[in-house]
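Shown next: structure-v9.pdb, given as PDB, C-alpha atoms, pLDDT in the B column.
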```pdb
MODEL        1
ATOM      1  CA  MET L  63      75.631 122.599 105.553  1.00 78.00           C
ATOM      2  CA  THR L  64      78.532 125.042 105.433  1.00 86.00           C
ATOM      3  CA  VAL L  65      79.277 124.410 109.091  1.00 89.00           C
ATOM      4  CA  ALA L  66      79.235 120.657 108.566  1.00 91.00           C
ATOM      5  CA  VAL L  67      81.545 120.930 105.565  1.00 92.00           C
ATOM      6  CA  GLY L  68      83.865 123.227 107.529  1.00 93.00           C
ATOM      7  CA  LEU L  69      84.022 120.837 110.468  1.00 94.00           C
ATOM      8  CA  LEU L  70      84.693 117.867 108.241  1.00 94.00           C
ATOM      9  CA  LEU L  71      87.428 119.692 106.351  1.00 94.00           C
ATOM     10  CA  GLY L  72      88.935 120.819 109.641  1.00 95.00           C
ATOM     11  CA  ALA L  73      88.992 117.240 110.874  1.00 95.00           C
ATOM     12  CA  GLY L  74      90.591 116.062 107.645  1.00 95.00           C
ATOM     13  CA  VAL L  75      93.247 118.761 107.714  1.00 96.00           C
ATOM     14  CA  LEU L  76      93.976 118.055 111.383  1.00 96.00           C
ATOM     15  CA  ALA L  77      94.383 114.359 110.619  1.00 96.00           C
ATOM     16  CA  ALA L  78      96.733 115.266 107.753  1.00 96.00           C
ATOM     17  CA  TRP L  79      98.889 117.391 110.048  1.00 96.00           C
ATOM     18  CA  LEU L  80      98.946 114.656 112.701  1.00 96.00           C
ATOM     19  CA  GLY L  81      99.911 112.058 110.148  1.00 95.00           C
ATOM     20  CA  THR L  82     102.714 114.200 108.803  1.00 94.00           C
ATOM     21  CA  ALA L  83     104.011 114.851 112.302  1.00 95.00           C
ATOM     22  CA  ALA L  84     103.989 111.099 112.915  1.00 94.00           C
ATOM     23  CA  LEU L  85     105.827 110.549 109.622  1.00 92.00           C
ATOM     24  CA  VAL L  86     108.615 112.775 110.875  1.00 90.00           C
ATOM     25  CA  ARG L  87     108.698 111.639 114.511  1.00 91.00           C
ATOM     26  CA  LEU L  88     108.291 107.876 114.300  1.00 90.00           C
ATOM     27  CA  GLY L  89     111.461 105.842 114.379  1.00 85.00           C
ATOM     28  CA  THR L  90     111.450 102.715 112.264  1.00 86.00           C
ATOM     29  CA  PRO L  91     110.146 102.401 108.698  1.00 86.00           C
ATOM     30  CA  PHE L  92     107.608  99.803 109.832  1.00 88.00           C
ATOM     31  CA  GLU L  93     106.125 102.288 112.272  1.00 90.00           C
ATOM     32  CA  ARG L  94     106.021 104.977 109.625  1.00 90.00           C
ATOM     33  CA  LEU L  95     104.145 102.631 107.334  1.00 90.00           C
ATOM     34  CA  HIS L  96     101.067 103.027 109.526  1.00 92.00           C
ATOM     35  CA  VAL L  97     101.016 106.739 108.760  1.00 92.00           C
ATOM     36  CA  VAL L  98      99.961 106.143 105.167  1.00 92.00           C
ATOM     37  CA  THR L  99      96.914 104.125 106.193  1.00 92.00           C
ATOM     38  CA  PHE L 100      96.063 106.746 108.779  1.00 93.00           C
ATOM     39  CA  LEU L 101      96.231 109.485 106.167  1.00 93.00           C
ATOM     40  CA  ASN L 102      94.089 107.558 103.712  1.00 93.00           C
ATOM     41  CA  LEU L 103      91.336 106.848 106.207  1.00 93.00           C
ATOM     42  CA  ALA L 104      91.379 109.517 108.909  1.00 94.00           C
ATOM     43  CA  ALA L 105      92.031 112.417 106.536  1.00 93.00           C
ATOM     44  CA  GLY L 106      90.474 111.002 103.387  1.00 93.00           C
ATOM     45  CA  LEU L 107      87.085 110.038 104.805  1.00 94.00           C
ATOM     46  CA  PRO L 108      86.122 113.465 106.222  1.00 95.00           C
ATOM     47  CA  ILE L 109      87.262 115.166 103.046  1.00 94.00           C
ATOM     48  CA  ALA L 110      85.281 112.701 100.935  1.00 93.00           C
ATOM     49  CA  ILE L 111      82.132 113.237 103.026  1.00 94.00           C
ATOM     50  CA  ALA L 112      82.609 117.002 102.794  1.00 93.00           C
ATOM     51  CA  ALA L 113      82.958 116.698  99.014  1.00 93.00           C
ATOM     52  CA  VAL L 114      79.732 114.692  98.797  1.00 92.00           C
ATOM     53  CA  LEU L 115      77.908 117.256 100.942  1.00 92.00           C
ATOM     54  CA  THR L 116      79.229 120.074  98.774  1.00 91.00           C
ATOM     55  CA  GLY L 117      78.600 118.449  95.413  1.00 86.00           C
ATOM     56  CA  GLY L 118      75.326 116.746  96.204  1.00 85.00           C
ATOM     57  CA  ALA L 119      74.109 113.970  93.925  1.00 83.00           C
ATOM     58  CA  SER L 120      76.490 114.503  91.023  1.00 86.00           C
ATOM     59  CA  ALA L 121      79.121 112.727  88.976  1.00 88.00           C
ATOM     60  CA  GLY L 122      81.824 114.577  90.886  1.00 88.00           C
ATOM     61  CA  SER L 123      80.608 113.195  94.201  1.00 90.00           C
ATOM     62  CA  ILE L 124      80.588 109.674  92.800  1.00 91.00           C
ATOM     63  CA  LYS L 125      84.147 110.159  91.590  1.00 93.00           C
ATOM     64  CA  VAL L 126      85.243 111.393  94.994  1.00 93.00           C
ATOM     65  CA  VAL L 127      83.712 108.305  96.614  1.00 93.00           C
ATOM     66  CA  LEU L 128      85.523 106.137  94.067  1.00 93.00           C
ATOM     67  CA  ILE L 129      88.779 107.921  94.856  1.00 93.00           C
ATOM     68  CA  PHE L 130      88.356 107.310  98.571  1.00 93.00           C
ATOM     69  CA  LEU L 131      87.424 103.643  98.090  1.00 93.00           C
ATOM     70  CA  SER L 132      90.361 103.030  95.766  1.00 92.00           C
ATOM     71  CA  THR L 133      92.861 104.591  98.172  1.00 92.00           C
ATOM     72  CA  ALA L 134      91.363 102.737 101.126  1.00 91.00           C
ATOM     73  CA  LEU L 135      91.410  99.377  99.375  1.00 90.00           C
ATOM     74  CA  THR L 136      94.752  99.700  97.634  1.00 89.00           C
ATOM     75  CA  GLY L 137      96.376 101.195 100.711  1.00 89.00           C
ATOM     76  CA  ALA L 138      96.379  97.841 102.435  1.00 87.00           C
ATOM     77  CA  LEU L 139      97.905  96.168  99.396  1.00 90.00           C
ATOM     78  CA  LEU L 140     100.569  98.817  99.012  1.00 90.00           C
ATOM     79  CA  GLY L 141     101.371  98.691 102.713  1.00 90.00           C
ATOM     80  CA  HIS L 142     101.880  94.966 102.519  1.00 90.00           C
ATOM     81  CA  ALA L 143     104.062  95.255  99.417  1.00 90.00           C
ATOM     82  CA  THR L 144     106.150  97.983 100.995  1.00 89.00           C
ATOM     83  CA  ALA L 145     106.554  96.088 104.259  1.00 90.00           C
ATOM     84  CA  ARG L 146     107.622  93.003 102.340  1.00 89.00           C
ATOM     85  CA  ALA L 147     110.161  94.995 100.367  1.00 87.00           C
ATOM     86  CA  LEU L 148     111.546  96.570 103.539  1.00 85.00           C
ATOM     87  CA  HIS L 149     111.676  93.223 105.327  1.00 86.00           C
ATOM     88  CA  LEU L 150     113.556  91.534 102.484  1.00 84.00           C
ATOM     89  CA  ARG L 151     115.862  94.506 102.267  1.00 77.00           C
ATOM     90  CA  GLU L 152     116.720  94.252 105.961  1.00 73.00           C
ATOM     91  CA  GLY L 153     117.264  90.495 105.657  1.00 67.00           C
ATOM     92  CA  GLU L 154     119.871  90.995 102.963  1.00 57.00           C
ATOM     93  CA  ARG L 155     121.711  93.537 105.038  1.00 50.00           C
ATOM     94  CA  ARG L 156     122.040  91.062 107.900  1.00 44.00           C
TER      95      ARG L 156
ATOM     96  CA  MET P 918      81.626 127.411 100.253  1.00 75.00           C
ATOM     97  CA  SER P 919      84.599 127.547  97.927  1.00 86.00           C
ATOM     98  CA  ALA P 920      86.444 129.749 100.418  1.00 89.00           C
ATOM     99  CA  ILE P 921      86.338 126.901 102.948  1.00 92.00           C
ATOM    100  CA  TRP P 922      87.733 124.500 100.395  1.00 94.00           C
ATOM    101  CA  LEU P 923      90.451 126.976  99.436  1.00 94.00           C
ATOM    102  CA  ALA P 924      91.434 127.375 103.077  1.00 94.00           C
ATOM    103  CA  ALA P 925      91.550 123.598 103.471  1.00 94.00           C
ATOM    104  CA  ALA P 926      93.654 123.293 100.325  1.00 94.00           C
ATOM    105  CA  PHE P 927      96.205 125.815 101.607  1.00 95.00           C
ATOM    106  CA  ALA P 928      96.190 124.071 104.990  1.00 95.00           C
ATOM    107  CA  LEU P 929      97.084 120.804 103.266  1.00 95.00           C
ATOM    108  CA  LEU P 930     100.119 122.327 101.532  1.00 95.00           C
ATOM    109  CA  PRO P 931     102.553 122.270 104.513  1.00 96.00           C
ATOM    110  CA  PRO P 932     102.034 118.550 105.210  1.00 95.00           C
ATOM    111  CA  LEU P 933     102.565 117.848 101.520  1.00 96.00           C
ATOM    112  CA  VAL P 934     105.781 119.867 101.513  1.00 96.00           C
ATOM    113  CA  VAL P 935     107.034 118.010 104.605  1.00 94.00           C
ATOM    114  CA  ALA P 936     106.265 114.658 102.985  1.00 94.00           C
ATOM    115  CA  ILE P 937     108.067 115.654  99.789  1.00 95.00           C
ATOM    116  CA  VAL P 938     111.119 116.842 101.723  1.00 94.00           C
ATOM    117  CA  ALA P 939     111.080 113.579 103.701  1.00 92.00           C
ATOM    118  CA  ALA P 940     110.951 111.676 100.417  1.00 91.00           C
ATOM    119  CA  GLY P 941     114.104 113.440  99.290  1.00 91.00           C
ATOM    120  CA  ARG P 942     116.139 113.463 102.492  1.00 89.00           C
ATOM    121  CA  ALA P 943     115.251 110.277 104.381  1.00 82.00           C
ATOM    122  CA  ARG P 944     117.093 106.995 104.186  1.00 82.00           C
ATOM    123  CA  GLU P 945     116.329 104.710 101.258  1.00 78.00           C
ATOM    124  CA  ALA P 946     114.034 102.462 103.284  1.00 76.00           C
ATOM    125  CA  GLN P 947     111.863 105.361 104.370  1.00 84.00           C
ATOM    126  CA  ARG P 948     111.688 107.271 101.113  1.00 89.00           C
ATOM    127  CA  LEU P 949     109.047 104.996  99.610  1.00 89.00           C
ATOM    128  CA  ILE P 950     106.825 105.496 102.643  1.00 91.00           C
ATOM    129  CA  ALA P 951     107.216 109.259 102.355  1.00 92.00           C
ATOM    130  CA  VAL P 952     106.306 109.045  98.665  1.00 92.00           C
ATOM    131  CA  GLN P 953     103.146 107.122  99.524  1.00 93.00           C
ATOM    132  CA  ALA P 954     102.230 109.709 102.137  1.00 93.00           C
ATOM    133  CA  ALA P 955     102.889 112.514  99.669  1.00 94.00           C
ATOM    134  CA  SER P 956     100.684 110.774  97.109  1.00 94.00           C
ATOM    135  CA  SER P 957      97.802 110.552  99.570  1.00 94.00           C
ATOM    136  CA  LEU P 958      98.198 114.189 100.583  1.00 95.00           C
ATOM    137  CA  GLY P 959      98.499 115.315  96.980  1.00 94.00           C
ATOM    138  CA  LEU P 960      95.326 113.456  96.151  1.00 94.00           C
ATOM    139  CA  MET P 961      93.436 115.243  98.919  1.00 94.00           C
ATOM    140  CA  LEU P 962      94.890 118.525  97.721  1.00 95.00           C
ATOM    141  CA  LEU P 963      93.636 117.893  94.189  1.00 94.00           C
ATOM    142  CA  VAL P 964      90.131 117.155  95.470  1.00 94.00           C
ATOM    143  CA  ALA P 965      90.201 120.299  97.591  1.00 94.00           C
ATOM    144  CA  PHE P 966      91.343 122.461  94.690  1.00 93.00           C
ATOM    145  CA  THR P 967      88.591 120.970  92.518  1.00 93.00           C
ATOM    146  CA  PHE P 968      85.943 122.317  94.842  1.00 92.00           C
ATOM    147  CA  ALA P 969      87.860 125.475  95.707  1.00 93.00           C
ATOM    148  CA  PHE P 970      88.065 126.650  92.095  1.00 91.00           C
ATOM    149  CA  ASP P 971      84.761 125.033  91.091  1.00 88.00           C
ATOM    150  CA  GLN P 972      86.322 122.995  88.288  1.00 88.00           C
ATOM    151  CA  PRO P 973      84.436 119.659  88.165  1.00 86.00           C
ATOM    152  CA  ALA P 974      86.658 118.375  85.353  1.00 88.00           C
ATOM    153  CA  ALA P 975      89.706 118.477  87.629  1.00 89.00           C
ATOM    154  CA  ILE P 976      88.324 115.585  89.666  1.00 92.00           C
ATOM    155  CA  ASP P 977      89.180 113.321  86.739  1.00 93.00           C
ATOM    156  CA  LEU P 978      92.830 114.169  87.323  1.00 93.00           C
ATOM    157  CA  ALA P 979      92.517 113.131  90.948  1.00 93.00           C
ATOM    158  CA  LEU P 980      90.783 109.896  89.952  1.00 93.00           C
ATOM    159  CA  ALA P 981      93.495 109.057  87.418  1.00 94.00           C
ATOM    160  CA  PHE P 982      96.159 109.822  90.016  1.00 93.00           C
ATOM    161  CA  ALA P 983      94.484 107.543  92.548  1.00 92.00           C
ATOM    162  CA  LEU P 984      94.267 104.685  90.061  1.00 92.00           C
ATOM    163  CA  LEU P 985      97.845 105.096  88.839  1.00 93.00           C
ATOM    164  CA  THR P 986      99.280 105.198  92.360  1.00 91.00           C
ATOM    165  CA  LEU P 987      98.773 101.451  92.725  1.00 90.00           C
ATOM    166  CA  PRO P 988     101.021 100.209  89.891  1.00 91.00           C
ATOM    167  CA  ALA P 989     103.556 102.977  90.428  1.00 91.00           C
ATOM    168  CA  THR P 990     104.028 102.218  94.104  1.00 90.00           C
ATOM    169  CA  LEU P 991     104.154  98.486  93.456  1.00 90.00           C
ATOM    170  CA  LEU P 992     106.924  99.123  90.927  1.00 90.00           C
ATOM    171  CA  PHE P 993     108.831 101.251  93.420  1.00 87.00           C
ATOM    172  CA  ALA P 994     108.459  98.509  96.050  1.00 86.00           C
ATOM    173  CA  LEU P 995     109.796  95.944  93.586  1.00 87.00           C
ATOM    174  CA  PHE P 996     112.822  98.089  92.825  1.00 85.00           C
ATOM    175  CA  GLU P 997     113.443  98.702  96.521  1.00 80.00           C
ATOM    176  CA  GLU P 998     113.228  94.985  97.239  1.00 79.00           C
ATOM    177  CA  ARG P 999     115.570  93.845  94.506  1.00 80.00           C
ATOM    178  CA  TRP P1000     117.913  96.546  93.338  1.00 76.00           C
ATOM    179  CA  LEU P1001     118.090  99.546  95.643  1.00 68.00           C
TER     180      LEU P1001
ENDMDL
END
```
Can the structure in the file be given as structure tokens, please?
Amino acid sequence: MTVAVGLLLGAGVLAAWLGTAALVRLGTPFERLHVVTFLNLAAGLPIAIAAVLTGGASAGSIKVVLIFLSTALTGALLGHATARALHLREGERR
Amino acid sequence: MSAIWLAAAFALLPPLVVAIVAAGRAREAQRLIAVQAASSLGLMLLVAFTFAFDQPAAIDLALAFALLTLPATLLFALFEERWL
């Protein structure tokens, strides 16, 4: 169990580092917008699974699952809202 | 087990710092994206610290943060669209 939790946390941390590197290196704001979704899913899911394995069947594990689901579901909405704001902002500048 | 979580929490700090610096130094269009990334990373950090210090009550803070991120970011997007 400890090995599984360690591997999952390692994968989540690696995804977080990759996402942050992409946030710095990518060029346009629309490209950088994909980083947020990547962080929510690729880093959030392993950490959530590791939390469930650590906590077992408990209220804390349920809350962690709720946190992951809320970030995964709202991430798409926020990405759309942000992209719309950026698009309208660029249109005005033209 | 908590040592693994503590190590993961400290490993998540540098990406969070980079995202926060990007939120302060980037152009206006990219600051909101950096704030969203910092929010996601901060959320993972809170969950990691919950298990690292064995404080189950701290997960409520992470849950509240996750739920409040939605209206806050929508408000920021509205301001960026209309006034910034």
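Straight-line separation from CA of Thr82 (chain L) to CA of Phe130 (chain L): 18.9 Å.
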As a list in words, could you give me every residue of chain P near chain L (at most 6 Å apart, counting all atoms listed in the file)?
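Selected residues: Pro932, Gln947, Ala954, Leu980, Ala994 and Glu998 of chain P.
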Taking the file above as input, evaluate the PyMOL selection byres ((chain P and resi 949-951) around 6) and report the hits as an MDAnalysis selection string.
chainID P and resid 936 939:940 947:948 952:954
Which residue, P:Ile976, P:Ala983, P:Ala965, P:Leu991, has the smallest gap to Trp922 (chain P) when you use all atoms listed in the file?
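Looking only at the distances to Trp922 (chain P), the closest residue turns out to be P:Ala965.
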Counting only C-alpha atoms, figure out which residue out of L:Leu115, L:Ala104, L:Ala138, L:Ala77 gets nearest to Phe968 (chain P).
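Selected residue with least distance to Phe968 (chain P): L:Leu115.
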Enclose region 89-108 of chain L, meaning all of its atoms listed in the file, in a box aligned along x, y and z, pad it by 5 Å on each side, and list the centre and edge lengths in Å to one decimal, as lines of an AutoDock Vina configuration file.
```
center_x = 98.8
center_y = 106.6
center_z = 108.9
size_x = 35.3
size_y = 23.7
size_z = 21.0
```
